[in-house]
>>> print(open('upload-v1.txt').read())   # compact mmCIF, C-alpha atoms
# COMPACT_ATOMS: atom_id res chain seq x y z
CA MET I 185 -22.38 7.50 -54.81
CA THR I 186 -19.09 6.21 -53.63
CA THR I 187 -18.81 2.98 -51.72
CA ALA I 188 -16.56 3.03 -48.65
CA THR I 189 -13.91 0.37 -48.75
CA ALA I 190 -13.76 -1.64 -45.56
CA PRO I 191 -10.33 -1.58 -43.95
CA SER I 192 -8.48 -4.85 -44.19
CA PRO I 193 -8.43 -6.76 -40.90
CA THR I 194 -5.20 -6.81 -38.97
CA SER I 195 -3.72 -10.32 -38.86
CA THR I 196 -2.75 -11.58 -35.42
CA ALA I 197 -0.89 -14.65 -36.72
CA PRO I 198 2.86 -14.44 -35.97
CA THR I 199 5.16 -14.07 -38.93
CA PRO I 200 8.01 -16.56 -39.53
CA HIS I 201 10.48 -13.96 -38.28
CA GLN I 202 8.53 -13.55 -35.04
CA VAL I 203 8.35 -17.33 -34.58
CA TRP I 204 12.12 -17.57 -35.04
CA LYS I 205 12.80 -14.77 -32.54
CA ARG I 206 10.59 -16.44 -29.95
CA ALA I 207 11.97 -19.94 -30.42
CA ARG I 208 15.64 -19.28 -31.06
CA GLY I 209 16.54 -19.08 -27.36
CA LEU I 210 15.03 -22.49 -26.67
CA LEU I 211 16.61 -24.00 -29.78
CA ILE I 212 20.04 -22.66 -28.81
CA ALA I 213 19.63 -24.08 -25.29
CA LEU I 214 18.66 -27.48 -26.71
CA LEU I 215 21.62 -27.38 -29.10
CA VAL I 216 24.04 -26.59 -26.27
CA LEU I 217 22.52 -29.37 -24.17
CA VAL I 218 22.91 -31.89 -27.00
CA ILE I 219 26.51 -30.84 -27.63
CA ALA I 220 27.26 -31.10 -23.90
CA GLY I 221 25.71 -34.56 -23.75
CA ILE I 222 27.72 -35.75 -26.74
CA THR I 223 30.89 -34.30 -25.20
CA PHE I 224 30.26 -35.98 -21.86
CA ALA I 225 29.50 -39.27 -23.59
CA ALA I 226 32.70 -39.03 -25.64
CA VAL I 227 34.79 -38.21 -22.60
CA ARG I 228 33.31 -41.12 -20.64
CA SER I 229 33.13 -43.55 -23.53
CA GLY I 230 36.29 -45.36 -22.44
CA THR I 231 36.69 -47.66 -19.48
CA ASN I 232 36.28 -45.74 -16.22
CA TYR I 233 37.15 -46.88 -12.72
CA GLY I 234 36.67 -45.42 -9.27
CA HIS I 235 39.05 -44.37 -6.54
CA LEU I 236 41.56 -46.97 -5.31
CA ASP I 237 40.79 -49.22 -8.26
CA PRO I 238 43.93 -51.25 -9.18
CA ARG I 239 42.95 -50.92 -12.87
CA SER I 240 42.65 -47.12 -12.81
CA PRO I 241 45.46 -44.85 -14.11
CA ASP I 242 43.71 -41.75 -12.73
CA PRO I 243 45.42 -39.70 -10.00
CA LYS I 244 43.14 -41.27 -7.37
CA GLY I 245 43.45 -44.75 -8.83
CA SER I 246 45.90 -47.44 -7.67
CA ARG I 247 47.17 -49.13 -10.81
CA ALA I 248 50.76 -48.11 -10.04
CA ALA I 249 50.67 -49.94 -6.68
CA ALA I 250 49.09 -53.01 -8.29
CA GLU I 251 51.77 -53.11 -11.00
CA LEU I 252 54.55 -52.85 -8.42
CA LEU I 253 53.03 -55.73 -6.48
CA ARG I 254 52.79 -57.87 -9.62
CA ASP I 255 56.41 -57.08 -10.44
CA SER I 256 57.28 -58.31 -6.93
CA GLY I 257 55.59 -61.66 -7.59
CA VAL I 258 52.27 -60.96 -5.85
CA SER I 259 49.15 -61.95 -7.76
CA VAL I 260 46.45 -59.27 -7.68
CA THR I 261 42.80 -60.25 -8.06
CA VAL I 262 39.89 -57.79 -8.11
CA ALA I 263 36.70 -58.72 -6.21
CA THR I 264 33.50 -56.70 -6.42
CA THR I 265 31.17 -58.87 -4.31
CA LEU I 266 31.34 -60.06 -0.74
CA ASP I 267 31.08 -63.69 -1.86
CA GLU I 268 34.17 -63.32 -4.05
CA ALA I 269 36.09 -61.62 -1.24
CA THR I 270 35.26 -64.13 1.48
CA ALA I 271 35.84 -67.11 -0.84
CA ALA I 272 39.43 -65.95 -1.40
CA VAL I 273 40.28 -65.63 2.30
CA GLY I 274 43.14 -67.93 3.24
CA PRO I 275 46.53 -68.18 4.97
CA ASP I 276 48.44 -67.05 1.87
CA THR I 277 46.07 -64.22 0.96
CA THR I 278 45.86 -60.54 1.84
CA LEU I 279 42.35 -59.10 1.59
CA LEU I 280 42.28 -55.34 0.94
CA VAL I 281 38.87 -53.76 1.62
CA THR I 282 38.89 -50.34 -0.05
CA GLY I 283 35.44 -49.19 1.09
CA PRO I 284 34.38 -50.85 4.36
CA ASN I 285 31.96 -48.00 5.05
CA LEU I 286 29.94 -48.93 1.94
CA LEU I 287 29.13 -52.35 3.36
CA THR I 288 25.86 -52.90 5.15
CA PRO I 289 25.98 -53.91 8.84
CA TRP I 290 25.13 -57.48 7.86
CA GLN I 291 27.96 -57.54 5.30
CA GLN I 292 30.40 -56.11 7.83
CA ARG I 293 29.54 -58.75 10.43
CA ARG I 294 29.83 -61.53 7.88
CA LEU I 295 33.19 -60.23 6.64
CA HIS I 296 34.55 -60.04 10.19
CA LYS I 297 33.36 -63.56 10.91
CA GLU I 298 35.23 -64.91 7.86
CA THR I 299 38.45 -62.92 8.30
CA SER I 300 38.84 -63.21 12.07
CA ALA I 301 39.13 -67.00 11.82
CA SER I 302 41.65 -66.81 8.97
CA THR I 303 45.42 -66.89 9.15
CA GLY I 304 45.67 -64.34 6.36
CA ARG I 305 45.83 -60.56 6.51
CA THR I 306 42.92 -58.12 6.19
CA LEU I 307 43.50 -54.44 5.42
CA LEU I 308 40.67 -52.01 6.06
CA ILE I 309 40.94 -48.58 4.41
CA ALA I 310 39.61 -45.75 6.60
CA PRO I 311 36.73 -47.55 8.35
CA GLY I 312 34.66 -45.14 10.43
CA PRO I 313 33.31 -45.64 13.97
CA ALA I 314 30.27 -47.69 12.96
CA ALA I 315 32.24 -49.93 10.58
CA VAL I 316 35.08 -50.43 13.10
CA SER I 317 32.65 -51.61 15.75
CA ARG I 318 31.76 -54.60 13.53
CA LEU I 319 34.92 -55.23 11.52
CA ALA I 320 37.34 -54.82 14.43
CA PRO I 321 35.45 -55.02 17.74
CA GLY I 322 37.30 -53.40 20.58
CA VAL I 323 38.96 -50.78 18.37
CA ARG I 324 37.81 -47.19 18.64
CA ALA I 325 37.92 -44.69 15.76
CA GLU I 326 39.00 -41.14 16.59
CA PRO I 327 38.07 -37.98 14.61
CA HIS I 328 39.61 -37.37 11.21
CA ARG I 329 42.85 -35.40 10.92
CA PRO I 330 44.54 -33.95 7.80
CA VAL I 331 46.81 -36.26 5.81
CA SER I 332 50.49 -35.32 5.86
CA ALA I 333 53.97 -36.86 5.85
CA ILE I 334 54.22 -38.57 9.26
CA PRO I 335 57.16 -40.59 10.66
CA PRO I 336 56.30 -44.16 11.73
CA SER I 337 57.29 -43.79 15.43
CA CYS I 338 56.96 -47.55 15.99
CA ALA I 339 59.00 -50.75 15.82
CA LEU I 340 57.09 -52.32 12.93
CA PRO I 341 59.78 -53.39 10.40
CA ALA I 342 57.63 -52.43 7.38
CA ALA I 343 57.01 -48.94 8.76
CA ARG I 344 60.61 -48.39 9.89
CA SER I 345 62.03 -49.33 6.48
CA ALA I 346 59.44 -47.19 4.67
CA GLY I 347 60.01 -44.15 6.86
CA PRO I 348 57.66 -41.12 6.70
CA ALA I 349 54.51 -41.72 4.67
CA ASP I 350 51.34 -39.82 3.79
CA MET I 351 49.21 -40.91 6.71
CA GLY I 352 46.60 -39.38 8.96
CA GLY I 353 42.86 -39.39 8.37
CA ILE I 354 40.94 -41.47 10.89
CA ARG I 355 42.94 -42.59 13.93
CA TYR I 356 42.49 -45.77 15.95
CA THR I 357 43.00 -46.83 19.55
CA THR I 358 42.59 -50.18 21.28
CA PRO I 359 43.12 -51.48 24.83
CA ASP I 360 44.86 -54.54 23.34
CA SER I 361 48.51 -54.27 24.43
CA THR I 362 49.63 -56.67 21.70
CA ALA I 363 48.46 -54.38 18.90
CA THR I 364 51.04 -52.44 16.89
CA ALA I 365 50.38 -48.71 16.49
CA CYS I 366 52.25 -46.55 13.95
CA TYR I 367 52.15 -43.14 12.28
CA PRO I 368 50.61 -41.17 15.15
CA SER I 369 48.72 -38.00 14.23
CA ASP I 370 48.34 -35.70 17.23
CA GLY I 371 49.49 -38.60 19.38
CA THR I 372 46.94 -41.14 18.08
CA PRO I 373 48.02 -43.79 15.53
CA SER I 374 46.59 -43.81 12.01
CA LEU I 375 47.90 -47.34 11.34
CA LEU I 376 46.93 -50.13 13.70
CA ILE I 377 47.74 -53.84 13.35
CA ARG I 378 45.84 -56.26 15.57
CA LYS I 379 46.28 -60.01 15.83
CA GLU I 380 43.16 -62.15 15.28
CA ARG I 381 42.23 -65.42 16.93
CA GLY I 382 43.07 -67.36 13.76
CA ASP I 383 46.71 -66.23 13.82
CA GLY I 384 45.95 -63.72 11.08
CA ASP I 385 45.97 -59.97 11.53
CA THR I 386 43.83 -56.97 10.73
CA VAL I 387 45.41 -53.73 9.54
CA LEU I 388 43.45 -50.51 9.93
CA LEU I 389 44.65 -47.60 7.80
CA GLY I 390 43.27 -44.14 8.50
CA SER I 391 43.75 -42.82 4.96
CA PRO I 392 44.01 -44.30 1.45
CA ASP I 393 46.17 -41.46 0.10
CA PHE I 394 49.47 -43.37 0.14
CA LEU I 395 47.99 -45.87 -2.35
CA HIS I 396 46.93 -43.24 -4.90
CA ASN I 397 48.86 -43.05 -8.17
CA GLU I 398 49.61 -39.37 -7.63
CA ARG I 399 51.28 -40.01 -4.25
CA LEU I 400 52.86 -43.41 -4.60
CA ASP I 401 56.27 -41.97 -5.55
CA GLN I 402 56.31 -39.56 -2.60
CA GLN I 403 57.73 -40.14 0.87
CA GLY I 404 57.89 -43.84 1.73
CA ASN I 405 54.43 -44.55 0.29
CA ALA I 406 55.53 -47.15 -2.27
CA SER I 407 57.62 -49.07 0.25
CA LEU I 408 54.83 -49.08 2.82
CA ALA I 409 52.28 -50.21 0.22
CA LEU I 410 54.47 -53.07 -1.02
CA GLN I 411 55.18 -54.37 2.47
CA LEU I 412 51.63 -54.12 3.83
CA LEU I 413 49.90 -55.47 0.73
CA GLY I 414 52.64 -57.88 -0.35
CA SER I 415 53.12 -59.84 2.85
CA ARG I 416 51.31 -62.84 1.26
CA PRO I 417 51.69 -64.21 -2.27
CA HIS I 418 48.08 -63.43 -3.18
CA LEU I 419 46.26 -60.11 -2.88
CA VAL I 420 42.48 -59.80 -3.23
CA TRP I 421 41.57 -56.19 -3.96
CA TYR I 422 37.98 -55.92 -2.74
CA LEU I 423 35.99 -53.00 -4.23
CA PRO I 424 32.60 -53.00 -2.46
CA SER I 425 29.74 -52.35 -4.87
CA LEU I 426 26.27 -51.00 -4.26
CA THR I 427 24.97 -53.60 -6.73
CA ASP I 428 26.34 -56.51 -4.70
CA PRO I 429 23.44 -58.98 -4.18
CA SER I 430 24.62 -59.62 -0.61
CA ALA I 431 23.77 -55.99 0.24
CA THR I 432 20.13 -57.09 0.48
CA GLY I 433 20.96 -59.84 2.96
CA ASP I 434 19.52 -60.20 6.45
CA ASP I 435 20.37 -57.06 8.45
CA GLY I 436 19.06 -58.34 11.75
CA SER I 437 21.05 -58.59 14.96
CA SER I 438 20.15 -62.18 15.79
CA ASP I 439 23.81 -63.13 16.03
CA GLY I 440 24.27 -60.70 18.88
CA THR I 441 27.35 -59.16 17.32
CA ASP I 442 25.83 -55.75 16.73
CA ASP I 443 26.73 -53.52 19.65
CA GLY I 444 23.97 -51.03 18.96
CA SER I 445 26.18 -48.62 17.14
CA SER I 446 24.26 -49.05 13.90
CA THR I 447 22.19 -45.97 14.64
CA GLY I 448 23.55 -42.79 13.23
CA GLU I 449 25.64 -44.73 10.69
CA GLU I 450 28.58 -43.30 8.83
CA THR I 451 28.39 -39.68 9.91
CA SER I 452 31.80 -39.08 11.42
CA GLY I 453 34.72 -37.50 9.64
CA GLY I 454 36.36 -39.72 7.06
CA GLU I 455 33.19 -41.68 6.33
CA SER I 456 31.81 -41.93 2.83
CA ASP I 457 30.21 -38.74 1.63
CA PHE I 458 26.64 -38.88 0.32
CA LEU I 459 27.84 -38.06 -3.21
CA ASP I 460 30.21 -41.03 -3.10
CA LEU I 461 27.21 -43.32 -2.69
CA LEU I 462 25.54 -42.09 -5.88
CA PRO I 463 26.35 -43.79 -9.18
CA SER I 464 28.31 -41.54 -11.53
CA GLY I 465 25.43 -41.54 -14.02
CA TRP I 466 23.20 -39.73 -11.55
CA LEU I 467 25.85 -37.07 -10.98
CA TRP I 468 26.27 -36.42 -14.69
CA GLY I 469 22.53 -36.38 -15.21
CA THR I 470 22.09 -33.85 -12.40
CA LEU I 471 24.84 -31.70 -13.93
CA GLN I 472 23.11 -31.71 -17.31
CA LEU I 473 19.74 -30.85 -15.78
CA THR I 474 21.35 -28.00 -13.82
CA LEU I 475 22.95 -26.68 -17.00
CA ALA I 476 19.61 -26.85 -18.81
CA ALA I 477 17.89 -25.00 -15.96
CA VAL I 478 20.53 -22.24 -16.01
CA LEU I 479 20.22 -21.83 -19.77
CA ALA I 480 16.43 -21.72 -19.51
CA ALA I 481 16.65 -19.07 -16.78
CA ILE I 482 19.01 -16.96 -18.92
CA TRP I 483 16.70 -17.33 -21.89
CA ARG I 484 13.60 -16.33 -19.92
CA SER I 485 15.32 -13.38 -18.23
CA ARG I 486 16.45 -11.77 -21.48
CA ARG I 487 15.67 -8.06 -22.01
CA LEU I 488 12.33 -7.53 -23.70
CA GLY I 489 13.31 -4.16 -25.19
CA PRO I 490 11.33 -0.89 -25.14
CA LEU I 491 7.55 -0.82 -25.19
CA VAL I 492 5.94 -0.16 -28.56
CA THR I 493 2.44 0.97 -29.47
CA GLU I 494 0.46 -1.80 -31.12
CA ARG I 495 -3.01 -1.68 -32.55
CA LEU I 496 -5.32 -4.02 -30.67
CA PRO I 497 -6.91 -6.72 -32.84
CA VAL I 498 -10.32 -6.03 -31.23
CA SER I 499 -12.03 -3.03 -29.68
CA ILE I 500 -12.35 -2.95 -25.91
CA ARG I 501 -15.04 -0.93 -24.15
CA ALA I 502 -13.71 1.82 -21.93
CA SER I 503 -15.60 0.45 -18.93
CA GLU I 504 -13.98 -2.95 -19.37
CA SER I 505 -10.53 -1.41 -19.63
CA ALA I 506 -11.14 0.68 -16.50
CA GLU I 507 -12.49 -2.34 -14.63
CA GLY I 508 -9.51 -4.46 -15.65
CA ARG I 509 -7.01 -1.81 -14.55
CA ALA I 510 -8.89 -1.37 -11.27
CA GLY I 511 -8.67 -5.13 -10.69
CA LEU I 512 -4.91 -5.04 -11.23
CA TYR I 513 -4.53 -2.13 -8.81
CA ARG I 514 -6.58 -3.94 -6.21
CA LYS I 515 -4.64 -7.19 -6.65
CA ALA I 516 -1.37 -5.30 -6.17
CA ASN I 517 -2.85 -3.29 -3.27
CA ALA I 518 -1.74 -0.16 -5.15
CA ARG I 519 -4.09 2.43 -3.67
CA ASP I 520 -1.48 5.14 -4.16
CA ARG I 521 -1.29 4.53 -7.91
CA ALA I 522 -5.08 4.31 -8.19
CA ALA I 523 -5.54 7.59 -6.30
CA THR I 524 -2.88 9.30 -8.42
CA SER I 525 -4.62 8.16 -11.61
CA LEU I 526 -8.04 9.30 -10.37
CA ARG I 527 -6.75 12.73 -9.30
CA ALA I 528 -4.78 13.27 -12.53
CA ALA I 529 -7.83 12.48 -14.67
CA ALA I 530 -10.08 14.70 -12.53
CA ARG I 531 -7.61 17.64 -12.67
CA THR I 532 -7.39 17.34 -16.46
CA ARG I 533 -11.18 17.46 -16.90
CA ILE I 534 -11.70 20.22 -14.32
CA ALA I 535 -8.93 22.31 -15.88
CA ARG I 536 -10.80 22.34 -19.21
CA LEU I 537 -14.01 23.41 -17.42
CA THR I 538 -12.28 26.27 -15.60
CA GLY I 539 -10.28 27.52 -18.56
CA VAL I 540 -6.89 26.47 -17.22
CA ALA I 541 -4.36 25.39 -19.86
CA ALA I 542 -3.74 21.66 -20.07
CA ARG I 543 -0.05 22.10 -19.34
CA GLU I 544 -0.91 23.78 -16.00
CA ALA I 545 -3.71 21.39 -14.99
CA HIS I 546 -1.43 19.68 -12.48
CA THR I 547 0.07 22.86 -11.02
CA SER I 548 -1.59 23.49 -7.68
CA HIS I 549 -1.07 27.26 -7.43
CA VAL I 550 -2.70 27.73 -10.87
CA LEU I 551 -5.54 25.17 -10.73
CA LEU I 552 -6.73 25.62 -7.13
CA PRO I 553 -7.67 29.35 -7.38
CA ALA I 554 -9.60 28.71 -10.60
CA VAL I 555 -11.54 25.84 -9.01
CA ALA I 556 -12.16 27.76 -5.77
CA ALA I 557 -13.81 30.53 -7.78
CA ARG I 558 -16.34 28.05 -9.19
CA THR I 559 -17.18 26.13 -5.98
CA THR I 560 -17.99 26.68 -2.33
CA THR I 561 -15.23 24.30 -1.16
CA THR I 562 -12.38 25.85 0.83
CA ASP I 563 -8.84 26.01 -0.53
CA GLY I 564 -7.59 23.51 2.09
CA GLU I 565 -10.23 20.96 1.18
CA LEU I 566 -9.55 21.42 -2.53
CA SER I 567 -5.82 20.96 -2.02
CA THR I 568 -6.36 17.75 -0.04
CA LEU I 569 -8.86 16.46 -2.57
CA LEU I 570 -6.87 17.19 -5.74
CA PHE I 571 -3.26 16.99 -4.49
CA GLY I 572 -3.50 15.15 -1.17
CA PRO I 573 -1.87 11.98 0.14
CA ALA I 574 -2.78 8.41 -0.83
CA PRO I 575 -5.86 6.88 0.87
CA ALA I 576 -5.21 4.67 3.87
CA ASP I 577 -7.61 1.89 2.84
CA ASP I 578 -10.04 0.81 0.14
CA ALA I 579 -12.96 2.64 1.76
CA ALA I 580 -11.01 5.91 1.71
CA LEU I 581 -10.18 5.33 -1.97
CA VAL I 582 -13.88 4.87 -2.83
CA LEU I 583 -14.73 8.00 -0.85
CA LEU I 584 -12.04 9.95 -2.74
CA ALA I 585 -13.54 8.87 -6.09
CA ASP I 586 -17.01 9.99 -4.94
CA HIS I 587 -15.71 13.40 -3.81
CA LEU I 588 -13.86 13.94 -7.09
CA ASP I 589 -17.04 13.14 -9.04
CA ALA I 590 -19.02 15.54 -6.84
CA LEU I 591 -16.42 18.30 -7.32
CA GLU I 592 -16.41 17.84 -11.11
CA ARG I 593 -20.23 18.01 -11.20
CA GLU I 594 -20.20 21.17 -9.10
CA VAL I 595 -17.67 22.88 -11.40
CA ARG I 596 -19.56 21.75 -14.49
CA THR I 597 -22.90 23.19 -13.29
CA SER I 598 -21.52 26.35 -11.75
>>> encode(input="upload-v1.txt", output="structure tokens")
Amino acid sequence: MTTATAPSPTSTAPTPHQVWKRARGLLIALLVLVIAGITFAAVRSGTNYGHLDPRSPDPKGSRAAAELLRDSGVSVTVATTLDEATAAVGPDTTLLVTGPNLLTPWQQRRLHKETSASTGRTLLIAPGPAAVSRLAPGVRAEPHRPVSAIPPSCALPAARSAGPADMGGIRYTTPDSTATACYPSDGTPSLLIRKERGDGDTVLLGSPDFLHNERLDQQGNASLALQLLGSRPHLVWYLPSLTDPSATGDDGSSDGTDDGSSTGEETSGGESDFLDLLPSGWLWGTLQLTLAAVLAAIWRSRRLGPLVTERLPVSIRASESAEGRAGLYRKANARDRAATSLRAAARTRIARLTGVAAREAHTSHVLLPAVAARTTTTDGELSTLLFGPAPADDAALVLLADHLDALEREVRTS
């Protein structure tokens, strides 16, 4: 007597090659992300400054203007807090505020209070409507216009000697007849100089472009910068910072200086964009996360290749398989596919019972006459039952299955 050898069980554990194929996409994505992070860190490892920073050699920086001012005998000091800026205000000092729109309403009111009583000069770079209402009350900001080479069109000696300059941006108007208006864009000045009660003056500039390194040697930009910023022996270059402790100061309106324009802050053209308010680290982090998401999407959307037949590790009962497929059809609301499957299976079984070849089981003009000869059902009913349209609802699908079963039983017992 021979003893049957039991077949060896099929292992379902993935092989090392399969593990590598599944994980290589993720590993490649992680490697690219690490390389990108190292590259970004290397690129940004040096000292980095923002726009209009007198220490920055970047195209949008202002180190060239600061160096020219120093060569002309003007001392240039960088301030990053409101306390440093206001402490330096004096008759022999020019205060340049590069980002007045970044200041809170409380900071703007405090800065105006300190500078309006000074005999020095205050330059405000592109303040928008809300900032102007606090830093230069009585002045109105007009919509932003493109920056271009504009002639001075005024009697201001500094502007006349500089000639055309890259001006434009936000434009300013005031009912004060003593104010000096230059560089009109569409008839409205983009440079406005107004006297203050402390014998000082406030200069409003609609655009910072003429101070950028990349534009300083064009038009009369360098001459205009030297004369506006070098009118006093000391220049305080104020770079407002979001980390300034004074930004958390009292923002109330108890001093009565807020004219109600604080609602809807900083939305007009020329105001700081939302991205400008985010620290650079957040922007780089968002870029890296976006890159990782794109790589993950590419990895997950790769082609899976053709389907292959695979032996199941366990046996599944036919009823369970049929029930599972029926559940999928119902979840997808695929009555047409379910009806097609039911009819195809019924035609195959009925064809064997009627002696029709398997290859012609789904040919209506061959199958229907053979079935009609074994049943009392009319040809029209048989055609609708075996080759008809998809059921309109679930109840019609159940009824179709019952009729197919009844037809198969009738053919089998005929």
>>> residues_around(input="upload-v1.txt", residues="Thr270 in chain I", least_positions_apart="5", cutoff="8 Å", atoms="only C-alpha atoms", output="PyMOL selection string")
chain I and resi 295+298-299
>>> atom_distance(input="upload-v1.txt", atom1="CA of Lys244 in chain I", atom2="CA of Thr261 in chain I")
19.0 Å
>>> closest_residue(input="upload-v1.txt", among="I:Leu581, I:Leu570, I:Ala315, I:Leu308", to="Arg514 in chain I", atoms="all atoms listed in the file")
I:Leu581
>>> residues_near_point(input="upload-v1.txt", point="(48.3, -44.3, -9.7)", cutoff="9 Å", atoms="all atoms listed in the file", output="list in words")
Leu236, Pro238, Ser240, Pro241, Asp242, Pro243, Lys244, Gly245, Ser246, Arg247, Ala248, Ala249, Ala250, Leu395, His396, Asn397, Glu398, Arg399 and Leu400 of chain I
>>> write_last_selection(input="upload-v1.txt", atoms="C-alpha atoms", output="CSV table (one decimal), in the coordinates of the input")
chain,number,residue,atom,x,y,z
I,236,LEU,CA,41.6,-47.0,-5.3
I,238,PRO,CA,43.9,-51.2,-9.2
I,240,SER,CA,42.6,-47.1,-12.8
I,241,PRO,CA,45.5,-44.8,-14.1
I,242,ASP,CA,43.7,-41.8,-12.7
I,243,PRO,CA,45.4,-39.7,-10.0
I,244,LYS,CA,43.1,-41.3,-7.4
I,245,GLY,CA,43.4,-44.8,-8.8
I,246,SER,CA,45.9,-47.4,-7.7
I,247,ARG,CA,47.2,-49.1,-10.8
I,248,ALA,CA,50.8,-48.1,-10.0
I,249,ALA,CA,50.7,-49.9,-6.7
I,250,ALA,CA,49.1,-53.0,-8.3
I,395,LEU,CA,48.0,-45.9,-2.4
I,396,HIS,CA,46.9,-43.2,-4.9
I,397,ASN,CA,48.9,-43.0,-8.2
I,398,GLU,CA,49.6,-39.4,-7.6
I,399,ARG,CA,51.3,-40.0,-4.2
I,400,LEU,CA,52.9,-43.4,-4.6
>>> axis_aligned_box(input="upload-v1.txt", around="range 587-595 of chain I", padding_each_side="6 Å", output="AutoDock Vina command-line options")
--center_x -17.0 --center_y 18.0 --center_z -7.6 --size_x 18.4 --size_y 21.7 --size_z 19.6
>>> residues_around(input="upload-v1.txt", residues="Val218 in chain I", least_positions_apart="4", cutoff="12 Å", atoms="all atoms listed in the file", output="PyMOL selection string")
chain I and resi 211-214+222-225+472-473+475-476
>>> residues_around(input="upload-v1.txt", residues="Leu588 in chain I", least_positions_apart="2", cutoff="9 Å", atoms="all atoms listed in the file", output="ChimeraX atom specification")
/I:526-527,530,569-570,583-586,590-593
>>> atom_distance(input="upload-v1.txt", atom1="CA of Ser256 in chain I", atom2="CA of Ser415 in chain I")
10.7 Å
>>> closest_residue(input="upload-v1.txt", among="I:Thr524, I:Ser567, I:Thr560, I:Thr357", to="Pro313 in chain I", atoms="all atoms listed in the file")
I:Thr357
>>> atom_distance(input="upload-v1.txt", atom1="CA of Glu268 in chain I", atom2="CA of Pro289 in chain I")
17.9 Å
>>> closest_residue(input="upload-v1.txt", among="I:Val498, I:Val262, I:Leu512, I:Ala406", to="Trp421 in chain I", atoms="only C-alpha atoms")
I:Val262
>>> closest_residue(input="upload-v1.txt", among="I:Gly404, I:Pro330, I:Cys366, I:Pro424", to="Asp267 in chain I", atoms="all atoms listed in the file")
I:Pro424
>>> residues_around(input="upload-v1.txt", residues="range 544-554 of chain I", least_positions_apart="2", cutoff="6 Å", atoms="only C-alpha atoms", output="ChimeraX atom specification")
/I:531-532,535,541-542,556-557
>>> closest_residue(input="upload-v1.txt", among="I:Arg305, I:Pro417, I:Arg484, I:Ala339", to="Arg206 in chain I", atoms="all atoms listed in the file")
I:Arg484
>>> build_atoms(input="upload-v1.txt", residues="range 477-487 of chain I", atoms="N, CA, C and O atoms", output="PDB file, keeping the file's coordinate frame")
ATOM      1  N   ALA I 477      18.670 -25.963 -16.744  1.00  0.00           N
ATOM      2  CA  ALA I 477      17.890 -25.000 -15.960  1.00  0.00           C
ATOM      3  C   ALA I 477      18.513 -23.607 -16.013  1.00  0.00           C
ATOM      4  O   ALA I 477      17.808 -22.597 -16.125  1.00  0.00           O
ATOM      5  N   VAL I 478      19.845 -23.545 -15.939  1.00  0.00           N
ATOM      6  CA  VAL I 478      20.530 -22.240 -16.010  1.00  0.00           C
ATOM      7  C   VAL I 478      20.302 -21.594 -17.367  1.00  0.00           C
ATOM      8  O   VAL I 478      20.004 -20.388 -17.461  1.00  0.00           O
ATOM      9  N   LEU I 479      20.437 -22.381 -18.438  1.00  0.00           N
ATOM     10  CA  LEU I 479      20.220 -21.830 -19.770  1.00  0.00           C
ATOM     11  C   LEU I 479      18.772 -21.363 -19.955  1.00  0.00           C
ATOM     12  O   LEU I 479      18.526 -20.313 -20.564  1.00  0.00           O
ATOM     13  N   ALA I 480      17.834 -22.132 -19.416  1.00  0.00           N
ATOM     14  CA  ALA I 480      16.430 -21.720 -19.510  1.00  0.00           C
ATOM     15  C   ALA I 480      16.181 -20.428 -18.737  1.00  0.00           C
ATOM     16  O   ALA I 480      15.438 -19.547 -19.187  1.00  0.00           O
ATOM     17  N   ALA I 481      16.816 -20.303 -17.562  1.00  0.00           N
ATOM     18  CA  ALA I 481      16.650 -19.070 -16.780  1.00  0.00           C
ATOM     19  C   ALA I 481      17.230 -17.869 -17.511  1.00  0.00           C
ATOM     20  O   ALA I 481      16.644 -16.780 -17.523  1.00  0.00           O
ATOM     21  N   ILE I 482      18.415 -18.064 -18.143  1.00  0.00           N
ATOM     22  CA  ILE I 482      19.010 -16.960 -18.920  1.00  0.00           C
ATOM     23  C   ILE I 482      18.122 -16.580 -20.096  1.00  0.00           C
ATOM     24  O   ILE I 482      17.923 -15.399 -20.397  1.00  0.00           O
ATOM     25  N   TRP I 483      17.561 -17.601 -20.742  1.00  0.00           N
ATOM     26  CA  TRP I 483      16.700 -17.330 -21.890  1.00  0.00           C
ATOM     27  C   TRP I 483      15.444 -16.564 -21.459  1.00  0.00           C
ATOM     28  O   TRP I 483      15.037 -15.602 -22.101  1.00  0.00           O
ATOM     29  N   ARG I 484      14.828 -16.964 -20.356  1.00  0.00           N
ATOM     30  CA  ARG I 484      13.600 -16.330 -19.920  1.00  0.00           C
ATOM     31  C   ARG I 484      13.836 -14.947 -19.321  1.00  0.00           C
ATOM     32  O   ARG I 484      12.926 -14.120 -19.276  1.00  0.00           O
ATOM     33  N   SER I 485      15.047 -14.680 -18.857  1.00  0.00           N
ATOM     34  CA  SER I 485      15.320 -13.380 -18.230  1.00  0.00           C
ATOM     35  C   SER I 485      15.933 -12.384 -19.192  1.00  0.00           C
ATOM     36  O   SER I 485      16.449 -11.362 -18.774  1.00  0.00           O
ATOM     37  N   ARG I 486      15.875 -12.684 -20.501  1.00  0.00           N
ATOM     38  CA  ARG I 486      16.450 -11.770 -21.480  1.00  0.00           C
ATOM     39  C   ARG I 486      15.681 -10.440 -21.484  1.00  0.00           C
ATOM     40  O   ARG I 486      14.513 -10.380 -21.118  1.00  0.00           O
ATOM     41  N   ARG I 487      16.324  -9.364 -21.943  1.00  0.00           N
ATOM     42  CA  ARG I 487      15.670  -8.060 -22.010  1.00  0.00           C
ATOM     43  C   ARG I 487      14.594  -8.084 -23.099  1.00  0.00           C
ATOM     44  O   ARG I 487      14.800  -8.588 -24.198  1.00  0.00           O
TER      45      ARG I 487
END
